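Containing compact mmCIF, N, CA and C atoms: my_file-v4.txt.
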# COMPACT_ATOMS: atom_id res chain seq x y z
N MET D 1 88.36 110.61 135.49
CA MET D 1 88.50 109.26 134.99
C MET D 1 87.39 108.94 133.99
N ALA D 2 86.17 109.37 134.30
CA ALA D 2 85.05 109.12 133.39
C ALA D 2 85.28 109.79 132.04
N ASP D 3 85.88 111.01 132.05
CA ASP D 3 86.16 111.70 130.79
C ASP D 3 87.14 110.91 129.94
N ALA D 4 88.17 110.35 130.54
CA ALA D 4 89.16 109.56 129.80
C ALA D 4 88.51 108.32 129.20
N GLN D 5 87.65 107.66 129.95
CA GLN D 5 86.96 106.48 129.44
C GLN D 5 86.01 106.87 128.30
N SER D 6 85.36 108.01 128.43
CA SER D 6 84.45 108.48 127.38
C SER D 6 85.22 108.76 126.09
N ARG D 7 86.38 109.43 126.20
CA ARG D 7 87.19 109.72 125.01
C ARG D 7 87.68 108.42 124.37
N GLU D 8 88.08 107.46 125.19
CA GLU D 8 88.55 106.19 124.65
C GLU D 8 87.42 105.46 123.93
N ALA D 9 86.23 105.47 124.50
CA ALA D 9 85.07 104.83 123.86
C ALA D 9 84.74 105.50 122.54
N GLN D 10 84.83 106.85 122.48
CA GLN D 10 84.57 107.55 121.23
C GLN D 10 85.61 107.20 120.18
N ALA D 11 86.87 107.11 120.58
CA ALA D 11 87.93 106.75 119.64
C ALA D 11 87.70 105.34 119.11
N ASN D 12 87.31 104.41 119.97
CA ASN D 12 87.05 103.04 119.54
C ASN D 12 85.84 102.97 118.62
N ALA D 13 84.84 103.79 118.86
CA ALA D 13 83.65 103.79 118.02
C ALA D 13 83.98 104.28 116.62
N LYS D 14 84.91 105.21 116.48
CA LYS D 14 85.27 105.75 115.18
C LYS D 14 86.12 104.76 114.39
N GLU D 15 86.98 104.01 115.03
CA GLU D 15 87.92 103.12 114.35
C GLU D 15 87.66 101.69 114.78
N LYS D 16 86.99 100.91 113.93
CA LYS D 16 86.63 99.54 114.27
C LYS D 16 87.57 98.53 113.64
N ARG D 17 88.53 98.97 112.88
CA ARG D 17 89.44 98.04 112.22
C ARG D 17 90.32 97.35 113.25
N ALA D 18 90.50 96.05 113.04
CA ALA D 18 91.27 95.26 114.00
C ALA D 18 92.75 95.18 113.61
N THR D 19 93.08 95.54 112.39
CA THR D 19 94.47 95.47 111.95
C THR D 19 94.89 96.80 111.35
N ARG D 20 96.17 97.04 111.37
CA ARG D 20 96.72 98.30 110.85
C ARG D 20 96.61 98.35 109.33
N ARG D 21 96.21 99.52 108.83
CA ARG D 21 96.17 99.75 107.39
C ARG D 21 97.42 100.51 106.98
N PHE D 22 97.95 100.16 105.81
CA PHE D 22 99.10 100.84 105.25
C PHE D 22 98.64 101.59 104.01
N ALA D 23 98.80 102.90 104.01
CA ALA D 23 98.43 103.72 102.85
C ALA D 23 99.53 103.57 101.82
N LEU D 24 99.32 102.67 100.88
CA LEU D 24 100.33 102.35 99.87
C LEU D 24 99.75 102.46 98.48
N ARG D 25 100.50 102.99 97.57
CA ARG D 25 100.13 103.03 96.16
C ARG D 25 100.96 101.96 95.45
N LEU D 26 100.35 100.79 95.28
CA LEU D 26 101.04 99.66 94.65
C LEU D 26 100.22 99.18 93.46
N PRO D 27 100.91 98.73 92.40
CA PRO D 27 100.16 98.12 91.30
C PRO D 27 99.57 96.78 91.75
N VAL D 28 98.37 96.50 91.30
CA VAL D 28 97.71 95.24 91.63
C VAL D 28 96.94 94.79 90.40
N SER D 29 96.97 93.49 90.11
CA SER D 29 96.17 92.96 89.00
C SER D 29 94.97 92.23 89.61
N VAL D 30 93.80 92.51 89.05
CA VAL D 30 92.54 92.03 89.62
C VAL D 30 91.74 91.27 88.57
N LYS D 31 91.19 90.12 88.97
CA LYS D 31 90.23 89.37 88.15
C LYS D 31 88.96 89.25 88.96
N TYR D 32 87.81 89.39 88.30
CA TYR D 32 86.55 89.27 89.01
C TYR D 32 85.46 88.71 88.12
N GLY D 33 84.45 88.18 88.77
CA GLY D 33 83.35 87.57 88.03
C GLY D 33 83.84 86.35 87.28
N ASP D 34 83.27 86.12 86.13
CA ASP D 34 83.65 84.98 85.29
C ASP D 34 84.77 85.34 84.32
N GLU D 35 85.30 86.55 84.46
CA GLU D 35 86.33 87.01 83.53
C GLU D 35 87.67 86.33 83.79
N THR D 36 88.40 86.08 82.72
CA THR D 36 89.76 85.57 82.86
C THR D 36 90.76 86.70 82.66
N GLU D 37 90.28 87.82 82.15
CA GLU D 37 91.13 88.99 81.90
C GLU D 37 91.50 89.67 83.22
N GLU D 38 92.77 90.05 83.33
CA GLU D 38 93.21 90.80 84.51
C GLU D 38 93.06 92.29 84.25
N HIS D 39 92.61 93.01 85.26
CA HIS D 39 92.45 94.46 85.18
C HIS D 39 93.54 95.10 86.03
N ALA D 40 94.21 96.10 85.47
CA ALA D 40 95.23 96.82 86.22
C ALA D 40 94.55 97.76 87.19
N ALA D 41 95.08 97.82 88.39
CA ALA D 41 94.53 98.69 89.43
C ALA D 41 95.69 99.20 90.28
N GLN D 42 95.36 100.11 91.21
CA GLN D 42 96.36 100.63 92.13
C GLN D 42 95.75 100.66 93.53
N THR D 43 96.53 100.18 94.50
CA THR D 43 96.01 100.15 95.86
C THR D 43 95.92 101.55 96.44
N ARG D 44 94.95 101.74 97.31
CA ARG D 44 94.85 102.95 98.14
C ARG D 44 95.41 102.64 99.52
N ASP D 45 95.00 101.47 100.05
CA ASP D 45 95.56 100.99 101.31
C ASP D 45 95.40 99.48 101.40
N VAL D 46 96.23 98.89 102.26
CA VAL D 46 96.29 97.44 102.41
C VAL D 46 96.40 97.11 103.89
N SER D 47 95.73 96.06 104.32
CA SER D 47 95.91 95.54 105.68
C SER D 47 95.97 94.03 105.59
N ALA D 48 96.16 93.38 106.73
CA ALA D 48 96.22 91.92 106.74
C ALA D 48 94.88 91.30 106.38
N ARG D 49 93.79 92.03 106.56
CA ARG D 49 92.46 91.48 106.33
C ARG D 49 91.73 92.07 105.14
N GLY D 50 92.28 93.13 104.53
CA GLY D 50 91.56 93.75 103.44
C GLY D 50 92.41 94.64 102.58
N ILE D 51 91.78 95.14 101.53
CA ILE D 51 92.46 95.99 100.56
C ILE D 51 91.45 96.99 100.01
N CYS D 52 91.94 98.15 99.64
CA CYS D 52 91.14 99.11 98.89
C CYS D 52 91.99 99.51 97.70
N PHE D 53 91.39 99.45 96.50
CA PHE D 53 92.13 99.78 95.29
C PHE D 53 91.26 100.58 94.34
N TYR D 54 91.93 101.28 93.43
CA TYR D 54 91.26 102.06 92.38
C TYR D 54 91.32 101.28 91.08
N VAL D 55 90.17 101.18 90.41
CA VAL D 55 90.09 100.46 89.15
C VAL D 55 89.16 101.24 88.21
N ASP D 56 89.34 101.04 86.90
CA ASP D 56 88.54 101.77 85.90
C ASP D 56 87.10 101.32 85.82
N SER D 57 86.85 100.03 85.94
CA SER D 57 85.50 99.51 85.74
C SER D 57 84.87 99.13 87.07
N ALA D 58 83.55 99.22 87.11
CA ALA D 58 82.82 98.94 88.35
C ALA D 58 82.80 97.44 88.63
N ILE D 59 82.86 97.11 89.90
CA ILE D 59 82.74 95.74 90.38
C ILE D 59 81.58 95.77 91.37
N GLN D 60 80.71 94.80 91.31
CA GLN D 60 79.56 94.75 92.20
C GLN D 60 79.98 94.38 93.63
N ALA D 61 79.39 95.03 94.62
CA ALA D 61 79.58 94.63 96.00
C ALA D 61 79.10 93.19 96.14
N GLY D 62 79.86 92.39 96.85
CA GLY D 62 79.55 90.98 97.02
C GLY D 62 80.26 90.08 96.02
N ALA D 63 80.85 90.67 94.97
CA ALA D 63 81.53 89.88 93.94
C ALA D 63 82.81 89.25 94.49
N ALA D 64 83.09 88.04 94.02
CA ALA D 64 84.36 87.38 94.36
C ALA D 64 85.44 87.97 93.46
N ILE D 65 86.63 88.18 94.02
CA ILE D 65 87.75 88.70 93.24
C ILE D 65 89.01 87.91 93.56
N ASP D 66 89.91 87.88 92.59
CA ASP D 66 91.27 87.37 92.77
C ASP D 66 92.20 88.51 92.44
N PHE D 67 93.24 88.71 93.23
CA PHE D 67 94.18 89.78 92.92
C PHE D 67 95.59 89.39 93.37
N THR D 68 96.55 89.97 92.69
CA THR D 68 97.96 89.71 92.97
C THR D 68 98.68 91.03 93.11
N LEU D 69 99.50 91.14 94.16
CA LEU D 69 100.31 92.34 94.36
C LEU D 69 101.63 91.95 94.98
N THR D 70 102.57 92.87 94.94
CA THR D 70 103.88 92.66 95.55
C THR D 70 104.01 93.60 96.72
N LEU D 71 104.19 93.01 97.91
CA LEU D 71 104.37 93.81 99.12
C LEU D 71 105.83 94.24 99.21
N PRO D 72 106.09 95.52 99.43
CA PRO D 72 107.47 96.02 99.46
C PRO D 72 108.16 95.73 100.80
N PRO D 73 109.48 95.89 100.84
CA PRO D 73 110.24 95.64 102.07
C PRO D 73 109.78 96.47 103.26
N GLU D 74 109.20 97.66 103.03
CA GLU D 74 108.73 98.48 104.16
C GLU D 74 107.63 97.77 104.95
N ILE D 75 106.90 96.90 104.28
CA ILE D 75 105.82 96.16 104.93
C ILE D 75 106.31 94.81 105.45
N THR D 76 107.07 94.10 104.62
CA THR D 76 107.49 92.75 104.99
C THR D 76 108.66 92.73 105.96
N LEU D 77 109.38 93.85 106.02
CA LEU D 77 110.60 93.96 106.84
C LEU D 77 111.68 92.98 106.41
N THR D 78 111.55 92.45 105.19
CA THR D 78 112.61 91.63 104.60
C THR D 78 112.71 92.04 103.14
N GLU D 79 112.42 91.11 102.24
CA GLU D 79 112.44 91.43 100.81
C GLU D 79 111.02 91.56 100.29
N SER D 80 110.88 92.01 99.05
CA SER D 80 109.56 92.11 98.43
C SER D 80 108.95 90.72 98.30
N ILE D 81 107.65 90.63 98.53
CA ILE D 81 106.96 89.34 98.46
C ILE D 81 105.70 89.49 97.62
N ARG D 82 105.58 88.61 96.60
CA ARG D 82 104.36 88.58 95.78
C ARG D 82 103.31 87.75 96.50
N VAL D 83 102.08 88.26 96.50
CA VAL D 83 100.98 87.59 97.19
C VAL D 83 99.78 87.52 96.26
N ARG D 84 99.19 86.32 96.16
CA ARG D 84 97.95 86.14 95.41
C ARG D 84 96.84 85.95 96.44
N CYS D 85 95.77 86.72 96.28
CA CYS D 85 94.67 86.70 97.26
C CYS D 85 93.33 86.42 96.59
N LYS D 86 92.44 85.84 97.37
CA LYS D 86 91.03 85.70 96.99
C LYS D 86 90.24 86.47 98.02
N GLY D 87 89.24 87.18 97.54
CA GLY D 87 88.45 87.96 98.48
C GLY D 87 87.07 88.25 97.96
N ARG D 88 86.39 89.13 98.68
CA ARG D 88 85.02 89.51 98.34
C ARG D 88 84.88 91.02 98.49
N VAL D 89 84.26 91.65 97.49
CA VAL D 89 84.06 93.09 97.51
C VAL D 89 83.01 93.43 98.57
N VAL D 90 83.34 94.38 99.44
CA VAL D 90 82.40 94.80 100.47
C VAL D 90 81.83 96.20 100.21
N ARG D 91 82.54 97.01 99.43
CA ARG D 91 82.07 98.37 99.16
C ARG D 91 82.69 98.89 97.88
N VAL D 92 81.91 99.67 97.12
CA VAL D 92 82.39 100.33 95.90
C VAL D 92 81.99 101.78 95.98
N GLU D 93 82.95 102.68 95.78
CA GLU D 93 82.69 104.12 95.84
C GLU D 93 83.15 104.77 94.54
N GLY D 94 82.33 105.66 94.02
CA GLY D 94 82.70 106.41 92.82
C GLY D 94 83.15 107.80 93.22
N GLY D 95 83.23 108.67 92.25
CA GLY D 95 83.52 110.06 92.53
C GLY D 95 84.98 110.41 92.67
N ASN D 96 85.87 109.50 92.33
CA ASN D 96 87.30 109.79 92.36
C ASN D 96 87.60 110.81 91.27
N PRO D 97 88.46 111.80 91.55
CA PRO D 97 88.74 112.83 90.54
C PRO D 97 89.26 112.27 89.21
N ALA D 98 89.93 111.14 89.26
CA ALA D 98 90.46 110.55 88.03
C ALA D 98 89.42 109.66 87.34
N GLY D 99 88.20 109.61 87.87
CA GLY D 99 87.15 108.79 87.26
C GLY D 99 87.24 107.32 87.61
N LYS D 100 88.03 106.96 88.58
CA LYS D 100 88.21 105.57 88.99
C LYS D 100 87.21 105.21 90.08
N MET D 101 86.97 103.93 90.24
CA MET D 101 86.13 103.41 91.31
C MET D 101 87.04 102.93 92.44
N ALA D 102 86.70 103.28 93.68
CA ALA D 102 87.42 102.76 94.84
C ALA D 102 86.70 101.51 95.30
N VAL D 103 87.40 100.38 95.29
CA VAL D 103 86.82 99.09 95.64
C VAL D 103 87.48 98.59 96.92
N SER D 104 86.66 98.31 97.93
CA SER D 104 87.16 97.76 99.19
C SER D 104 86.75 96.30 99.26
N ALA D 105 87.71 95.45 99.63
CA ALA D 105 87.44 94.01 99.68
C ALA D 105 88.07 93.39 100.91
N VAL D 106 87.42 92.36 101.41
CA VAL D 106 87.97 91.59 102.51
C VAL D 106 88.79 90.45 101.89
N ILE D 107 89.93 90.14 102.49
CA ILE D 107 90.78 89.05 102.02
C ILE D 107 90.34 87.77 102.73
N GLU D 108 89.95 86.76 101.93
CA GLU D 108 89.49 85.49 102.49
C GLU D 108 90.57 84.42 102.48
N GLU D 109 91.43 84.46 101.46
CA GLU D 109 92.54 83.50 101.34
C GLU D 109 93.72 84.22 100.71
N TYR D 110 94.93 83.73 101.00
CA TYR D 110 96.10 84.27 100.32
C TYR D 110 97.19 83.22 100.28
N GLU D 111 98.09 83.39 99.32
CA GLU D 111 99.26 82.53 99.23
C GLU D 111 100.45 83.36 98.75
N PHE D 112 101.61 83.03 99.26
CA PHE D 112 102.83 83.69 98.84
C PHE D 112 103.33 82.98 97.59
N LEU D 113 103.76 83.78 96.60
CA LEU D 113 104.22 83.23 95.33
C LEU D 113 105.73 83.28 95.26
N ALA D 114 106.30 82.27 94.63
CA ALA D 114 107.74 82.26 94.40
C ALA D 114 108.10 83.33 93.38
N GLU D 115 109.23 83.98 93.57
CA GLU D 115 109.67 84.99 92.59
C GLU D 115 109.99 84.29 91.29
N SER D 116 109.54 84.88 90.18
CA SER D 116 109.80 84.27 88.87
C SER D 116 110.82 85.06 88.11
So, in terms of structure tokens, how does the structure I just supplied come out?
Amino acid sequence: MADAQSREAQANAKEKRATRRFALRLPVSVKYGDETEEHAAQTRDVSARGICFYVDSAIQAGAAIDFTLTLPPEITLTESIRVRCKGRVVRVEGGNPAGKMAVSAVIEEYEFLAES
């Protein structure tokens, strides 16, 4: 019994995320800082509380960001839904083979957008 509890504790220590992540490659438009220009990016994974995406230019950890993406039916279990989010960058990683930066952000606010 102690071995089972030990394995469970180790598994919990490795994975601290409270929500499921979906490994999805979706287009996302991102605005950050004082810029009004949108930057094209692609998601690496998405969850209810956060996002990780690849972008060409560096974003500082701690920076506020706005981003918009369309969640596909595989996630929504209905139709595609456009979502606009506000968040904060928590981590930036370089070294992607394509020269992109991996940006991880927590989602602080979101709203569903009407299809246009």
As a PyMOL selection string, please: all residues of range 60-109 of chain D that backbone DSSP puts in strand (DSSP E). chain D and resi 64-71+81-93+101-109
To one decimal place in Å, what is the distance between atom C of Lys86 in chain D and CA of Phe112 in chain D?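 Rounded to one decimal, the two atoms are 12.9 Å apart.
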Could you give me, as JSON, numbers by chain, the residues within 6 Å of Val55 in chain D, counting only N, CA and C atoms and dropping anything in the same chain fewer than 4 positions from it? {"D": [40, 41, 42, 100, 101, 102, 103]}
Using atom C of Ala58 in chain D and CA of Val83 in chain D as the two end points, give the distance in Å to one decimal.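 It comes out at 22.4 Å.
Closest to Cys85 in chain D among D:Arg20, D:Asp34, D:Ala48, D:Tyr110 is D:Tyr110, based on all atoms listed in the file.
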So which residues fall inside 10 Å of (89.6, 90.2, 97.5) if we count only C-alpha atoms? Mind giving them as a PyMOL selection string? chain D and resi 30-32+49-52+63-68+84-90+103-110
Export of prior selection with N, CA and C atoms as a PDB file, in the frame of the given file:
ATOM      1  N   VAL D  30      93.800  92.510  89.050  1.00  0.00           N
ATOM      2  CA  VAL D  30      92.540  92.030  89.620  1.00  0.00           C
ATOM      3  C   VAL D  30      91.740  91.270  88.570  1.00  0.00           C
ATOM      4  N   LYS D  31      91.190  90.120  88.970  1.00  0.00           N
ATOM      5  CA  LYS D  31      90.230  89.370  88.150  1.00  0.00           C
ATOM      6  C   LYS D  31      88.960  89.250  88.960  1.00  0.00           C
ATOM      7  N   TYR D  32      87.810  89.390  88.300  1.00  0.00           N
ATOM      8  CA  TYR D  32      86.550  89.270  89.010  1.00  0.00           C
ATOM      9  C   TYR D  32      85.460  88.710  88.120  1.00  0.00           C
ATOM     10  N   ARG D  49      93.790  92.030 106.560  1.00  0.00           N
ATOM     11  CA  ARG D  49      92.460  91.480 106.330  1.00  0.00           C
ATOM     12  C   ARG D  49      91.730  92.070 105.140  1.00  0.00           C
ATOM     13  N   GLY D  50      92.280  93.130 104.530  1.00  0.00           N
ATOM     14  CA  GLY D  50      91.560  93.750 103.440  1.00  0.00           C
ATOM     15  C   GLY D  50      92.410  94.640 102.580  1.00  0.00           C
ATOM     16  N   ILE D  51      91.780  95.140 101.530  1.00  0.00           N
ATOM     17  CA  ILE D  51      92.460  95.990 100.560  1.00  0.00           C
ATOM     18  C   ILE D  51      91.450  96.990 100.010  1.00  0.00           C
ATOM     19  N   CYS D  52      91.940  98.150  99.640  1.00  0.00           N
ATOM     20  CA  CYS D  52      91.140  99.110  98.890  1.00  0.00           C
ATOM     21  C   CYS D  52      91.990  99.510  97.700  1.00  0.00           C
ATOM     22  N   ALA D  63      80.850  90.670  94.970  1.00  0.00           N
ATOM     23  CA  ALA D  63      81.530  89.880  93.940  1.00  0.00           C
ATOM     24  C   ALA D  63      82.810  89.250  94.490  1.00  0.00           C
ATOM     25  N   ALA D  64      83.090  88.040  94.020  1.00  0.00           N
ATOM     26  CA  ALA D  64      84.360  87.380  94.360  1.00  0.00           C
ATOM     27  C   ALA D  64      85.440  87.970  93.460  1.00  0.00           C
ATOM     28  N   ILE D  65      86.630  88.180  94.020  1.00  0.00           N
ATOM     29  CA  ILE D  65      87.750  88.700  93.240  1.00  0.00           C
ATOM     30  C   ILE D  65      89.010  87.910  93.560  1.00  0.00           C
ATOM     31  N   ASP D  66      89.910  87.880  92.590  1.00  0.00           N
ATOM     32  CA  ASP D  66      91.270  87.370  92.770  1.00  0.00           C
ATOM     33  C   ASP D  66      92.200  88.510  92.440  1.00  0.00           C
ATOM     34  N   PHE D  67      93.240  88.710  93.230  1.00  0.00           N
ATOM     35  CA  PHE D  67      94.180  89.780  92.920  1.00  0.00           C
ATOM     36  C   PHE D  67      95.590  89.390  93.370  1.00  0.00           C
ATOM     37  N   THR D  68      96.550  89.970  92.690  1.00  0.00           N
ATOM     38  CA  THR D  68      97.960  89.710  92.970  1.00  0.00           C
ATOM     39  C   THR D  68      98.680  91.030  93.110  1.00  0.00           C
ATOM     40  N   ARG D  84      99.190  86.320  96.160  1.00  0.00           N
ATOM     41  CA  ARG D  84      97.950  86.140  95.410  1.00  0.00           C
ATOM     42  C   ARG D  84      96.840  85.950  96.440  1.00  0.00           C
ATOM     43  N   CYS D  85      95.770  86.720  96.280  1.00  0.00           N
ATOM     44  CA  CYS D  85      94.670  86.700  97.260  1.00  0.00           C
ATOM     45  C   CYS D  85      93.330  86.420  96.590  1.00  0.00           C
ATOM     46  N   LYS D  86      92.440  85.840  97.370  1.00  0.00           N
ATOM     47  CA  LYS D  86      91.030  85.700  96.990  1.00  0.00           C
ATOM     48  C   LYS D  86      90.240  86.470  98.020  1.00  0.00           C
ATOM     49  N   GLY D  87      89.240  87.180  97.540  1.00  0.00           N
ATOM     50  CA  GLY D  87      88.450  87.960  98.480  1.00  0.00           C
ATOM     51  C   GLY D  87      87.070  88.250  97.960  1.00  0.00           C
ATOM     52  N   ARG D  88      86.390  89.130  98.680  1.00  0.00           N
ATOM     53  CA  ARG D  88      85.020  89.510  98.340  1.00  0.00           C
ATOM     54  C   ARG D  88      84.880  91.020  98.490  1.00  0.00           C
ATOM     55  N   VAL D  89      84.260  91.650  97.490  1.00  0.00           N
ATOM     56  CA  VAL D  89      84.060  93.090  97.510  1.00  0.00           C
ATOM     57  C   VAL D  89      83.010  93.430  98.570  1.00  0.00           C
ATOM     58  N   VAL D  90      83.340  94.380  99.440  1.00  0.00           N
ATOM     59  CA  VAL D  90      82.400  94.800 100.470  1.00  0.00           C
ATOM     60  C   VAL D  90      81.830  96.200 100.210  1.00  0.00           C
ATOM     61  N   VAL D 103      87.400 100.380  95.290  1.00  0.00           N
ATOM     62  CA  VAL D 103      86.820  99.090  95.640  1.00  0.00           C
ATOM     63  C   VAL D 103      87.480  98.590  96.920  1.00  0.00           C
ATOM     64  N   SER D 104      86.660  98.310  97.930  1.00  0.00           N
ATOM     65  CA  SER D 104      87.160  97.760  99.190  1.00  0.00           C
ATOM     66  C   SER D 104      86.750  96.300  99.260  1.00  0.00           C
ATOM     67  N   ALA D 105      87.710  95.450  99.630  1.00  0.00           N
ATOM     68  CA  ALA D 105      87.440  94.010  99.680  1.00  0.00           C
ATOM     69  C   ALA D 105      88.070  93.390 100.910  1.00  0.00           C
ATOM     70  N   VAL D 106      87.420  92.360 101.410  1.00  0.00           N
ATOM     71  CA  VAL D 106      87.970  91.590 102.510  1.00  0.00           C
ATOM     72  C   VAL D 106      88.790  90.450 101.890  1.00  0.00           C
ATOM     73  N   ILE D 107      89.930  90.140 102.490  1.00  0.00           N
ATOM     74  CA  ILE D 107      90.780  89.050 102.020  1.00  0.00           C
ATOM     75  C   ILE D 107      90.340  87.770 102.730  1.00  0.00           C
ATOM     76  N   GLU D 108      89.950  86.760 101.930  1.00  0.00           N
ATOM     77  CA  GLU D 108      89.490  85.490 102.490  1.00  0.00           C
ATOM     78  C   GLU D 108      90.570  84.420 102.480  1.00  0.00           C
ATOM     79  N   GLU D 109      91.430  84.460 101.460  1.00  0.00           N
ATOM     80  CA  GLU D 109      92.540  83.500 101.340  1.00  0.00           C
ATOM     81  C   GLU D 109      93.720  84.220 100.710  1.00  0.00           C
ATOM     82  N   TYR D 110      94.930  83.730 101.000  1.00  0.00           N
ATOM     83  CA  TYR D 110      96.100  84.270 100.320  1.00  0.00           C
ATOM     84  C   TYR D 110      97.190  83.220 100.280  1.00  0.00           C
TER      85      TYR D 110
END
Which centre and edge lengths in Å to one decimal define the box along x, y and z that fits every listed atom of range 93-104 of chain D plus 3 Å per side, as lines of an AutoDock Vina configuration file?
center_x = 86.4
center_y = 104.6
center_z = 93.3
size_x = 14.1
size_y = 22.5
size_z = 18.0
Compute the distance from (104.5, 101.6, 99.1) to each atom, counting only C-alpha atoms, keep the residues with any atom at most 12 Å away, and return them as a PyMOL selection string; use the coordinates of the file. chain D and resi 21-28+42-46+69-76+80
